[in-house]
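Novice: Have a look at this one before I ask anything.
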Amino acid sequence: MNDTTDKAKRPTAITVICVIGLVGAALVVPMIFSSAAKLVGDWYPPYLAFSGAVGLVCMVGLWMMKKWAAYTYTAFVVLNQFVLLAMGVWTIMALVIPAIVVVFALKSLPT
């Protein structure tokens with residue numbers, strides 16, 4: 001008998017998404033302390049920090065092929081759409097790129 005368990009194999013698309021997402025999360029850090037972020041409002045730097053942390057956690061979870069990561073990222077994309085709309089800076093690309101990530105993440109969920 002083979003005592004090893006089958007783990008979900010990570011698709012290449014998820015690997016690419018996670019690497020790009022981890023780089024993106026790292027790039028958020030200097031933005032948190034920028035004067036441009038403070039110009040948006042006092043609430044925005046903490047929101048950027050929260051966004052970077054959630055993004056980092058979700059990318060690590062996706063790397064490990066966890067269902068909660070795909071669901072959490074999906075919910076966070078929805079939240080970000082409302083924030084962008086409220087700020088008046090929403091564009092179609094703000095929806096398209098995260099939507100592509102969500103589709104790949106949800107499609108790649110282990111059963």
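Residue numbering restarts at 1 in every chain; chains get A, B, ... in the order shown in the structure tokens, and ligands count up from 1 in that same order.
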Counting only C-alpha atoms, which residues of stretch 61-108 of chain A sit at most 12 Å from some atom of stretch 25-40 of chain A, and what is each one's closest atom pair with its distance in Å to one decimal, listed by chain and rising residue number, as a Markdown table?
Specialist:
```
| residue | atom | partner | partner_atom | distance |
| --- | --- | --- | --- | --- |
| A:Leu84 | CA | A:Val40 | CA | 11.7 |
| A:Met87 | CA | A:Val40 | CA | 8.7 |
| A:Gly88 | CA | A:Val40 | CA | 11.3 |
| A:Val89 | CA | A:Val40 | CA | 11.1 |
```
Novice: Using N, CA and C atoms, can you export the residues from the last selection as a PDB file, in the first residue's frame?
Specialist:
```pdb
ATOM      1  N   LEU A  84     -13.390  51.335  -5.063  1.00  0.00           N
ATOM      2  CA  LEU A  84     -13.014  52.100  -6.257  1.00  0.00           C
ATOM      3  C   LEU A  84     -14.185  52.927  -6.792  1.00  0.00           C
ATOM      4  N   MET A  87     -14.663  55.906  -4.575  1.00  0.00           N
ATOM      5  CA  MET A  87     -13.597  56.902  -4.785  1.00  0.00           C
ATOM      6  C   MET A  87     -13.735  57.612  -6.121  1.00  0.00           C
ATOM      7  N   GLY A  88     -14.536  57.037  -7.010  1.00  0.00           N
ATOM      8  CA  GLY A  88     -14.711  57.625  -8.336  1.00  0.00           C
ATOM      9  C   GLY A  88     -13.565  57.317  -9.275  1.00  0.00           C
ATOM     10  N   VAL A  89     -12.824  56.235  -9.015  1.00  0.00           N
ATOM     11  CA  VAL A  89     -11.671  55.892  -9.856  1.00  0.00           C
ATOM     12  C   VAL A  89     -11.814  54.511 -10.499  1.00  0.00           C
TER      13      VAL A  89
END
```
Novice: Just how far from atom CA of A:Ile92 is atom CA of A:Gly55, in Å to one decimal?
Specialist: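 Between these atoms lies a distance of 20.1 Å.
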Novice: In Å, with one decimal, what is the gap from atom CA of A:Ile14 to atom CA of A:Leu62?
Specialist: 7.1 Å
Novice: Which residues of stretch 68-108 of chain A come within 9 Å of stretch 15-19 of chain A, and what is each one's closest atom pair and distance in Å (one decimal), counting only C-alpha atoms, sorted by chain and residue number, as a tab-separated table?
Specialist:
```
residue	atom	partner	partner_atom	distance
A:Val101	CA	A:Ile17	CA	7.0
A:Phe104	CA	A:Ile17	CA	8.9
A:Ala105	CA	A:Ile17	CA	8.9
```
Novice: Would you return as a PyMOL selection string the members of chain A that DSSP assigns to alpha helix (DSSP H) on this structure's backbone?
Specialist: chain A and resi 12-32+35-40+44-63+67-87+93-107
Novice: Pick out the residues sitting within 12 Å of A:Cys58, and hand them over as an MDAnalysis selection string; count only C-alpha atoms, and ignore anything fewer than 3 positions along from it in its own chain.
Specialist: chainID A and resid 14 17:19 21:22 25 51:55 61:77 101:102 105
Novice: Emit the selected residues as a short mmCIF file (atom, residue, chain, number, x, y, z; two decimals), in the first residue's frame, including N, CA and C atoms.
Specialist:
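Okay, this is what ended up in out-v5.cif:
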```
data_model
loop_
_atom_site.label_atom_id
_atom_site.label_comp_id
_atom_site.auth_asym_id
_atom_site.auth_seq_id
_atom_site.Cartn_x
_atom_site.Cartn_y
_atom_site.Cartn_z
N ILE A 14 -1.89 29.23 -11.80
CA ILE A 14 -1.95 29.63 -10.39
C ILE A 14 -0.56 30.01 -9.90
N ILE A 17 0.09 33.48 -11.24
CA ILE A 17 -0.75 34.44 -10.51
C ILE A 17 -0.16 34.70 -9.13
N CYS A 18 0.26 33.64 -8.45
CA CYS A 18 0.80 33.80 -7.09
C CYS A 18 2.10 34.59 -7.09
N VAL A 19 2.98 34.32 -8.03
CA VAL A 19 4.25 35.06 -8.10
C VAL A 19 3.98 36.54 -8.36
N GLY A 21 1.19 38.12 -7.78
CA GLY A 21 0.48 38.63 -6.61
C GLY A 21 1.41 38.91 -5.44
N LEU A 22 2.40 38.07 -5.23
CA LEU A 22 3.36 38.30 -4.14
C LEU A 22 4.22 39.52 -4.42
N ALA A 25 1.98 42.50 -3.77
CA ALA A 25 1.82 42.75 -2.34
C ALA A 25 3.05 43.45 -1.77
N SER A 51 -5.16 45.88 2.41
CA SER A 51 -5.23 45.28 1.09
C SER A 51 -3.99 44.44 0.79
N GLY A 52 -2.83 44.98 1.11
CA GLY A 52 -1.59 44.24 0.89
C GLY A 52 -1.52 42.97 1.72
N ALA A 53 -1.97 43.07 2.97
CA ALA A 53 -1.95 41.90 3.86
C ALA A 53 -2.91 40.82 3.37
N VAL A 54 -4.11 41.23 2.99
CA VAL A 54 -5.09 40.27 2.48
C VAL A 54 -4.57 39.63 1.18
N GLY A 55 -4.01 40.46 0.31
CA GLY A 55 -3.46 39.94 -0.94
C GLY A 55 -2.34 38.94 -0.69
N GLY A 61 -2.15 31.31 0.27
CA GLY A 61 -3.18 30.28 0.30
C GLY A 61 -3.41 29.65 -1.07
N LEU A 62 -3.43 30.48 -2.12
CA LEU A 62 -3.57 29.93 -3.47
C LEU A 62 -2.38 29.05 -3.83
N TRP A 63 -1.19 29.47 -3.44
CA TRP A 63 0.02 28.69 -3.69
C TRP A 63 -0.13 27.29 -3.09
N MET A 64 -0.75 27.24 -1.92
CA MET A 64 -0.96 25.96 -1.24
C MET A 64 -2.26 25.28 -1.68
N MET A 65 -2.95 25.88 -2.67
CA MET A 65 -4.18 25.34 -3.25
C MET A 65 -5.29 25.19 -2.21
N LYS A 66 -5.49 26.21 -1.40
CA LYS A 66 -6.52 26.20 -0.37
C LYS A 66 -7.79 26.86 -0.91
N LYS A 67 -8.93 26.23 -0.65
CA LYS A 67 -10.21 26.78 -1.10
C LYS A 67 -10.49 28.13 -0.47
N TRP A 68 -10.19 28.28 0.82
CA TRP A 68 -10.49 29.53 1.51
C TRP A 68 -9.79 30.71 0.84
N ALA A 69 -8.62 30.47 0.24
CA ALA A 69 -7.88 31.57 -0.40
C ALA A 69 -8.63 32.08 -1.62
N ALA A 70 -9.17 31.16 -2.41
CA ALA A 70 -9.92 31.56 -3.60
C ALA A 70 -11.19 32.31 -3.20
N TYR A 71 -11.87 31.82 -2.17
CA TYR A 71 -13.10 32.47 -1.73
C TYR A 71 -12.80 33.84 -1.10
N THR A 72 -11.76 33.91 -0.31
CA THR A 72 -11.39 35.19 0.33
C THR A 72 -10.97 36.21 -0.72
N TYR A 73 -10.18 35.78 -1.70
CA TYR A 73 -9.75 36.70 -2.77
C TYR A 73 -10.96 37.20 -3.55
N THR A 74 -11.90 36.31 -3.82
CA THR A 74 -13.11 36.70 -4.55
C THR A 74 -13.89 37.77 -3.78
N ALA A 75 -14.07 37.54 -2.49
CA ALA A 75 -14.77 38.53 -1.66
C ALA A 75 -14.03 39.85 -1.62
N PHE A 76 -12.70 39.78 -1.55
CA PHE A 76 -11.92 41.00 -1.49
C PHE A 76 -11.98 41.78 -2.81
N VAL A 77 -12.04 41.07 -3.92
CA VAL A 77 -12.20 41.74 -5.21
C VAL A 77 -13.52 42.51 -5.24
N VAL A 101 -8.21 36.47 -12.47
CA VAL A 101 -7.59 35.74 -11.36
C VAL A 101 -8.64 34.91 -10.62
N VAL A 102 -9.80 35.50 -10.37
CA VAL A 102 -10.86 34.78 -9.66
C VAL A 102 -11.30 33.55 -10.46
N ALA A 105 -8.63 30.94 -10.18
CA ALA A 105 -8.56 30.43 -8.79
C ALA A 105 -9.72 29.49 -8.51
#
```
Novice: Rounded to one decimal, what separation in Å do you get between atom CA of A:Gln81 and atom CA of A:Leu95?
Specialist: 7.1 Å
